[in-house]
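Here is the structure we will look at.
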Amino acid sequence: MNFIVGTATDLKSGLMTEMARYRHRVFIEKLGWNLPCENALEYDQFDREDTLYVLARNDEGNVVGTARLLPTTRPYLLAEVFPELLNAMPAPASPEVWELSRFAAMDFDQPDCSPLSQVSSPVAIELLNAALACAGARGARRIVSVSPLGVERLLRKAGFRAHRIGPPIRVDGSPIFACSIPVPEHRITSVRTPSTYPYGRFDIRPTLHRAASLMTHGAPALA
Amino acid sequence: MKTSEDGLIHLSIDELLSLRLQHLLSGLDHEGATEHGVCGGMTYISGYTEWVSTSQPAVSLGWDWCIRPVFRGSALLRVGEVRSNVCLINEGGNVASWERNLEALAMVADSLPWKELVPAVINDCYN
C-alpha cells in the first residue's frame with residue numbers, strides 16, 4: 001500500500017476521477033448517503049483548488065482509502081453545512097485547525113469489504129495517521145470532522161484522544177456528531193518511518209518528515 | 001462553566017452533577033451481530049445511548065452497553081469509557097487528567113437511570 005497526497009492540481013484529472021469514483025462507491029452505493037452526483041462521481045462544493053487529498057492505494061494500484069483536508073480559514077463542511085453540531089461554539093477559523101472529511105477506507109478488492117469495517121481497519125488507522133501528519137505539516141494542531149457516531153467509538157479504540165464538540169444529531173435517521181482530534185506528536189514521530197511509505201506518484205515521506213520535525217522540535221506553525 | 005477553543009466544556013464535578021441530564025437517543029449496534037448468529041447460539045445484543053444536558057452549551061455524554069446473561073435472566077451493562085465534551089476541573093481550577101476525567105464521567109453515567117430507560121426506547125424503535 002502507498003499513500004498519495006496533493007491538491008487537485010497535483011493529482012491530475014485521472015487520479016481525481018478515480019478518487020471521485022471511489023467516493024461514489026463508498027458513500028453513495030455502500031453507505032447510501034443522499035448526495036447529488038453525476039456520472040457516478042462524488043464531488044461537492046468543498047472540492048476546490050486548495051483542497052488537500054490523501055489517497056491510499058493497494059499494491060494493484062487501486063484506491064483503497066481517501067481523506068479530504070480543508071483549512072478552516074476557508075469554507076468547510078462543519079461550518080457551512082452542520083453548524084448545529086458546534087454546540088453554540090463559533091466555528092473554528094484558524095490555520096491551526098483543519099477539517100477532515102470524506103474519510104473512507106474500503107478495499108473493494110477484498111471479499112469481506114464492508115462499510116462497518118471502513119473506519120476500524122489497519123488501512124483506516126494508517127490513513128488517518130497520514131491525514132493527521134499532512135495537516136500537521138501545514139500547521140494544524142487539531143482536526144475537526146463531521147462523522148457518524150460510531151466513528152467516535154472506533155477512534156477511542158484506536159487510541160486517539162478525540163472528543164466530541166457537542167451532542168449528536170440525527171440526519172437521515174443516523175446520528176452524526178462533530179469531533180475534535182488533536183494532531184498527536186507521538187503518532188507522527190513513531191508511525192511515520194520512511195520504510196512504511198513506499199514510493200508513490202507523490203511521495204508522502206518529505207511531508208511526514210517535516211511534520212515529525214515540526215512536532216518534535218516545537219517549531220511555530222507554518223506561515 | 002467555560003468552553004475551550006476545542007469545544008470542551010470545563011466545569012467542576014459539582015457543576016456537572018447540578019445539571020439536568022436527559023436521554024437524547026439510543027440504538028442497537030448492527031456490526032458483528034451475525035458473528036454469533038448460528039442456530040442455537042447465543043445472541044449478543046449491544047448498543048449505545050446518548051444523554052444531554054438542558055443547559056447551553058449542552059453537556060453531552062454517550063457510552064456503549066450490552067446485554068449479558070446472568071443467573072435467571074440478563075443484565076444491561078455499560079461497556080467501555082464514556083465519550084463526552086466535558087473536561088472536569090478540580091477545586092483549584094486545574095484540568096483533570098484524561099484517565100481521571102473518564103473515571104469520573106463513568107460514575108456520572110452509571111448514576112443516570114439509563115438501565116431502566118434504554119430497553120423501553122429500544123423496544124419502541126425496533127418493534
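Just so we're on the same page: first chain in the C-alpha cells is A, next is B, and so on; residues restart at 1 for each chain, and ligands are numbered from 1 in the order they show up.
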Using only C-alpha atoms, determine which residues lie at most 12 Å from Trp114 of chain B, disregarding the query and same-chain residues fewer than 4 positions distant; provide the list as JSON, numbers by chain. {"B": [21, 22, 23, 24, 25, 26, 48, 49, 50, 51, 61, 62, 63, 64, 65, 76, 77, 78, 108, 109, 110, 118, 119, 120, 121, 122]}
Same residues, C-alpha atoms, output as a PDB file, in the first residue's frame:
ATOM      1  CA  LEU B  21     -29.180  15.290  32.064  1.00  0.00           C
ATOM      2  CA  GLN B  22     -31.851  13.735  29.887  1.00  0.00           C
ATOM      3  CA  HIS B  23     -31.954  10.942  27.389  1.00  0.00           C
ATOM      4  CA  LEU B  24     -31.271  12.021  23.804  1.00  0.00           C
ATOM      5  CA  LEU B  25     -31.161   8.851  21.734  1.00  0.00           C
ATOM      6  CA  SER B  26     -30.252   5.179  21.898  1.00  0.00           C
ATOM      7  CA  TYR B  48     -25.235   2.903  22.529  1.00  0.00           C
ATOM      8  CA  THR B  49     -27.019   5.599  24.454  1.00  0.00           C
ATOM      9  CA  GLU B  50     -26.685   9.372  24.456  1.00  0.00           C
ATOM     10  CA  TRP B  51     -27.575  11.814  27.205  1.00  0.00           C
ATOM     11  CA  LEU B  61     -22.400  12.036  27.458  1.00  0.00           C
ATOM     12  CA  GLY B  62     -22.536   8.835  25.457  1.00  0.00           C
ATOM     13  CA  TRP B  63     -21.497   5.261  26.081  1.00  0.00           C
ATOM     14  CA  ASP B  64     -21.926   1.738  24.836  1.00  0.00           C
ATOM     15  CA  TRP B  65     -23.866  -1.005  26.552  1.00  0.00           C
ATOM     16  CA  LEU B  76     -27.658  -4.360  30.995  1.00  0.00           C
ATOM     17  CA  LEU B  77     -24.037  -3.279  31.422  1.00  0.00           C
ATOM     18  CA  ARG B  78     -22.083  -0.217  30.390  1.00  0.00           C
ATOM     19  CA  VAL B 108     -21.866  10.086  36.474  1.00  0.00           C
ATOM     20  CA  ALA B 109     -23.149   7.900  33.637  1.00  0.00           C
ATOM     21  CA  ASP B 110     -23.710   4.979  35.964  1.00  0.00           C
ATOM     22  CA  VAL B 118     -32.903   2.234  27.308  1.00  0.00           C
ATOM     23  CA  PRO B 119     -34.810  -1.080  26.974  1.00  0.00           C
ATOM     24  CA  ALA B 120     -38.079   0.778  26.506  1.00  0.00           C
ATOM     25  CA  VAL B 121     -36.541   3.098  23.913  1.00  0.00           C
ATOM     26  CA  ILE B 122     -35.070   0.171  22.014  1.00  0.00           C
TER      27      ILE B 122
END
Could you give me, as a Markdown table, every chain A residue with an atom at most 10 Å from chain B, plus its closest atom pair and distance in Å to one decimal, counting only C-alpha atoms, rows ordered by chain then number?
| residue | atom | partner | partner_atom | distance |
| --- | --- | --- | --- | --- |
| A:Leu86 | CA | B:Gly7 | CA | 7.7 |
| A:Asn87 | CA | B:Pro57 | CA | 5.8 |
| A:Ala88 | CA | B:Pro57 | CA | 6.1 |
| A:Met89 | CA | B:Gly7 | CA | 7.0 |
| A:Pro90 | CA | B:Glu5 | CA | 8.8 |
| A:Ala91 | CA | B:Glu5 | CA | 9.5 |
| A:Pro92 | CA | B:Glu5 | CA | 7.8 |
| A:Val97 | CA | B:Asp6 | CA | 9.2 |
| A:Ser114 | CA | B:Glu31 | CA | 9.9 |
| A:Pro115 | CA | B:Glu31 | CA | 9.6 |
| A:Leu116 | CA | B:Glu31 | CA | 6.2 |
| A:Ser117 | CA | B:Glu31 | CA | 8.5 |
| A:Arg142 | CA | B:Asp6 | CA | 8.1 |
| A:Ile143 | CA | B:Asp6 | CA | 9.5 |
| A:Val144 | CA | B:Asp6 | CA | 8.9 |
| A:Leu149 | CA | B:Tyr48 | CA | 9.5 |
| A:Gly150 | CA | B:Asp29 | CA | 9.1 |
| A:Glu152 | CA | B:Arg83 | CA | 7.8 |
| A:Arg153 | CA | B:Arg83 | CA | 8.0 |
| A:Arg156 | CA | B:Arg83 | CA | 8.6 |
| A:Lys157 | CA | B:Gly80 | CA | 9.4 |
| A:Arg161 | CA | B:Trp98 | CA | 8.5 |
| A:Ala162 | CA | B:Arg83 | CA | 9.0 |
| A:His163 | CA | B:Asn85 | CA | 6.1 |
| A:Arg164 | CA | B:Asn85 | CA | 5.2 |
| A:Ile165 | CA | B:Gly7 | CA | 4.8 |
| A:Gly166 | CA | B:Ser60 | CA | 6.1 |
| A:Pro167 | CA | B:Ser60 | CA | 5.1 |
| A:Pro168 | CA | B:Glu50 | CA | 8.1 |
| A:Ile169 | CA | B:Leu25 | CA | 9.0 |
| A:Arg170 | CA | B:Leu25 | CA | 9.1 |
| A:Ser174 | CA | B:Gly27 | CA | 9.7 |
| A:Pro175 | CA | B:Leu25 | CA | 8.7 |
| A:Ala178 | CA | B:Gly7 | CA | 9.6 |
| A:Cys179 | CA | B:Gly7 | CA | 8.8 |
| A:Ser180 | CA | B:Asp6 | CA | 6.7 |
| A:Ile181 | CA | B:Asp6 | CA | 9.0 |
| A:Pro182 | CA | B:Asp6 | CA | 9.1 |
So that I have them on file, write out the residues from the current selection with C-alpha atoms, as a tab-separated table (two decimals), in the first residue's frame.
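As a result, selection35.tsv now contains:
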chain	number	residue	atom	x	y	z
A	86	LEU	CA	-20.84	23.04	17.09
A	87	ASN	CA	-22.91	23.29	20.28
A	88	ALA	CA	-23.18	27.10	20.15
A	89	MET	CA	-19.43	27.45	19.75
A	90	PRO	CA	-18.12	29.74	17.00
A	91	ALA	CA	-16.91	27.73	14.02
A	92	PRO	CA	-13.13	27.32	14.15
A	97	VAL	CA	-7.43	23.81	12.79
A	114	SER	CA	-17.82	-3.81	4.39
A	115	PRO	CA	-18.85	-0.29	5.42
A	116	LEU	CA	-18.82	-1.46	9.01
A	117	SER	CA	-15.08	-2.02	8.97
A	142	ARG	CA	-6.17	19.95	15.68
A	143	ILE	CA	-8.54	18.30	13.23
A	144	VAL	CA	-12.31	18.68	13.28
A	149	LEU	CA	-21.48	8.47	15.74
A	150	GLY	CA	-19.80	5.08	15.53
A	152	GLU	CA	-16.07	8.15	17.90
A	153	ARG	CA	-16.02	4.67	19.39
A	156	ARG	CA	-11.19	5.75	21.01
A	157	LYS	CA	-10.44	2.08	20.45
A	161	ARG	CA	-7.78	11.07	22.32
A	162	ALA	CA	-10.55	12.57	20.29
A	163	HIS	CA	-13.57	14.18	21.86
A	164	ARG	CA	-16.95	15.35	20.71
A	165	ILE	CA	-17.71	19.03	20.38
A	166	GLY	CA	-21.38	18.68	21.19
A	167	PRO	CA	-24.29	16.25	21.26
A	168	PRO	CA	-25.02	14.15	18.17
A	169	ILE	CA	-27.95	14.91	15.89
A	170	ARG	CA	-29.88	12.61	13.57
A	174	SER	CA	-28.49	8.20	11.57
A	175	PRO	CA	-26.73	10.06	14.39
A	178	ALA	CA	-18.63	16.78	15.35
A	179	CYS	CA	-15.35	15.64	16.80
A	180	SER	CA	-12.04	17.22	17.57
A	181	ILE	CA	-8.86	15.20	17.12
A	182	PRO	CA	-5.54	16.56	18.35
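A straight line drawn from atom CA of Pro148 of chain A to atom CA of Val171 of chain A is 9.5 Å long.
Atom CA of Ala56 of chain A is positioned 22.3 Å from atom CA of Gly139 of chain A.
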Neighbour list for segment 40-51 of chain A as a tab-separated table (two decimals) with N, CA and C atoms, in the first residue's frame, cut-off 9 Å, only C-alpha atoms, skip fewer than 3 positions in-chain:
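What ended up in around_12.tsv:
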chain	number	residue	atom	x	y	z
A	6	GLY	N	-1.89	15.37	-2.18
A	6	GLY	CA	-1.79	16.52	-3.06
A	6	GLY	C	-3.12	17.21	-3.28
A	7	THR	N	-3.06	18.33	-3.96
A	7	THR	CA	-4.28	19.04	-4.35
A	7	THR	C	-4.76	18.47	-5.67
A	8	ALA	N	-5.89	18.97	-6.15
A	8	ALA	CA	-6.42	18.51	-7.44
A	8	ALA	C	-5.41	18.74	-8.55
A	9	THR	N	-4.68	19.84	-8.48
A	9	THR	CA	-3.67	20.12	-9.49
A	9	THR	C	-2.55	19.08	-9.45
A	17	THR	N	-10.48	11.66	-10.85
A	17	THR	CA	-11.66	10.91	-11.29
A	17	THR	C	-11.73	9.57	-10.57
A	18	GLU	N	-10.58	8.93	-10.44
A	18	GLU	CA	-10.53	7.66	-9.72
A	18	GLU	C	-10.99	7.82	-8.28
A	19	MET	N	-10.55	8.92	-7.66
A	19	MET	CA	-10.95	9.18	-6.29
A	19	MET	C	-12.45	9.46	-6.20
A	20	ALA	N	-12.97	10.27	-7.12
A	20	ALA	CA	-14.39	10.60	-7.10
A	20	ALA	C	-15.26	9.37	-7.36
A	21	ARG	N	-14.77	8.47	-8.18
A	21	ARG	CA	-15.49	7.22	-8.43
A	21	ARG	C	-15.49	6.36	-7.17
A	22	TYR	N	-14.34	6.32	-6.52
A	22	TYR	CA	-14.22	5.55	-5.28
A	22	TYR	C	-15.16	6.12	-4.21
A	23	ARG	N	-15.17	7.42	-4.10
A	23	ARG	CA	-16.05	8.07	-3.11
A	23	ARG	C	-17.51	7.75	-3.42
A	24	HIS	N	-17.86	7.72	-4.69
A	24	HIS	CA	-19.24	7.37	-5.05
A	24	HIS	C	-19.56	5.94	-4.63
A	25	ARG	N	-18.64	5.04	-4.86
A	25	ARG	CA	-18.86	3.64	-4.49
A	25	ARG	C	-19.06	3.50	-2.97
A	27	PHE	N	-19.62	6.13	-0.47
A	27	PHE	CA	-20.61	6.96	0.23
A	27	PHE	C	-22.02	6.85	-0.36
A	28	ILE	N	-22.12	6.67	-1.66
A	28	ILE	CA	-23.44	6.61	-2.28
A	28	ILE	C	-23.91	5.15	-2.39
A	35	LEU	N	-26.53	12.27	-1.63
A	35	LEU	CA	-25.75	13.40	-2.14
A	35	LEU	C	-25.96	13.51	-3.65
A	36	PRO	N	-26.06	14.73	-4.16
A	36	PRO	CA	-26.21	14.89	-5.61
A	36	PRO	C	-24.91	14.52	-6.33
A	37	CYS	N	-25.01	13.66	-7.32
A	37	CYS	CA	-23.83	13.22	-8.06
A	37	CYS	C	-24.17	13.12	-9.55
A	68	ARG	N	-10.05	13.85	2.92
A	68	ARG	CA	-10.04	15.21	2.37
A	68	ARG	C	-9.75	16.19	3.50
A	69	LEU	N	-8.83	17.08	3.28
A	69	LEU	CA	-8.44	18.05	4.30
A	69	LEU	C	-8.72	19.46	3.81
A	70	LEU	N	-9.40	20.23	4.66
A	70	LEU	CA	-9.72	21.61	4.32
A	70	LEU	C	-9.26	22.53	5.45
A	71	PRO	N	-8.66	23.64	5.12
A	71	PRO	CA	-8.32	24.60	6.18
A	71	PRO	C	-9.60	25.28	6.67
A	75	PRO	N	-14.23	28.19	3.60
A	75	PRO	CA	-15.45	27.41	3.87
A	75	PRO	C	-15.17	25.91	4.00
A	76	TYR	N	-15.83	25.29	4.98
A	76	TYR	CA	-15.67	23.85	5.17
A	76	TYR	C	-16.98	23.25	5.67
A	77	LEU	N	-17.07	21.96	5.60
A	77	LEU	CA	-18.33	21.24	5.80
A	77	LEU	C	-18.99	21.54	7.14
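Of the residues under consideration (B:Ser46, B:Ser111, B:Ser12, B:Thr54), B:Ser46 shows the shortest atom-to-atom contact distance to Ala75 of chain B when counting only C-alpha atoms.
The nearest approach to Ile89 of chain B among the residues B:Cys66, B:Leu117, B:Met107, B:Ile13, with only C-alpha atoms taken into account, belongs to B:Ile13.
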From the set B:Met1, B:Cys125, B:Val79, B:Cys39, which residue has the shortest atom-to-atom contact distance to Ala106 of chain B, counting only C-alpha atoms? B:Val79
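Here the strand (DSSP E) residues in segment 36-99 of chain A, by DSSP on the backbone, are Leu52, Tyr53, Val54, Leu55, Ala56, Arg57, Val63, Val64, Gly65, Thr66, Ala67, Arg68, Leu69, Leu70, Pro71, Val97, Trp98 and Glu99 of chain A.
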Rank nothing, just name the residue among A:Val26, A:Leu78, A:Ala130, A:Ala104 nearest to Val183 of chain A, using only C-alpha atoms. A:Ala130
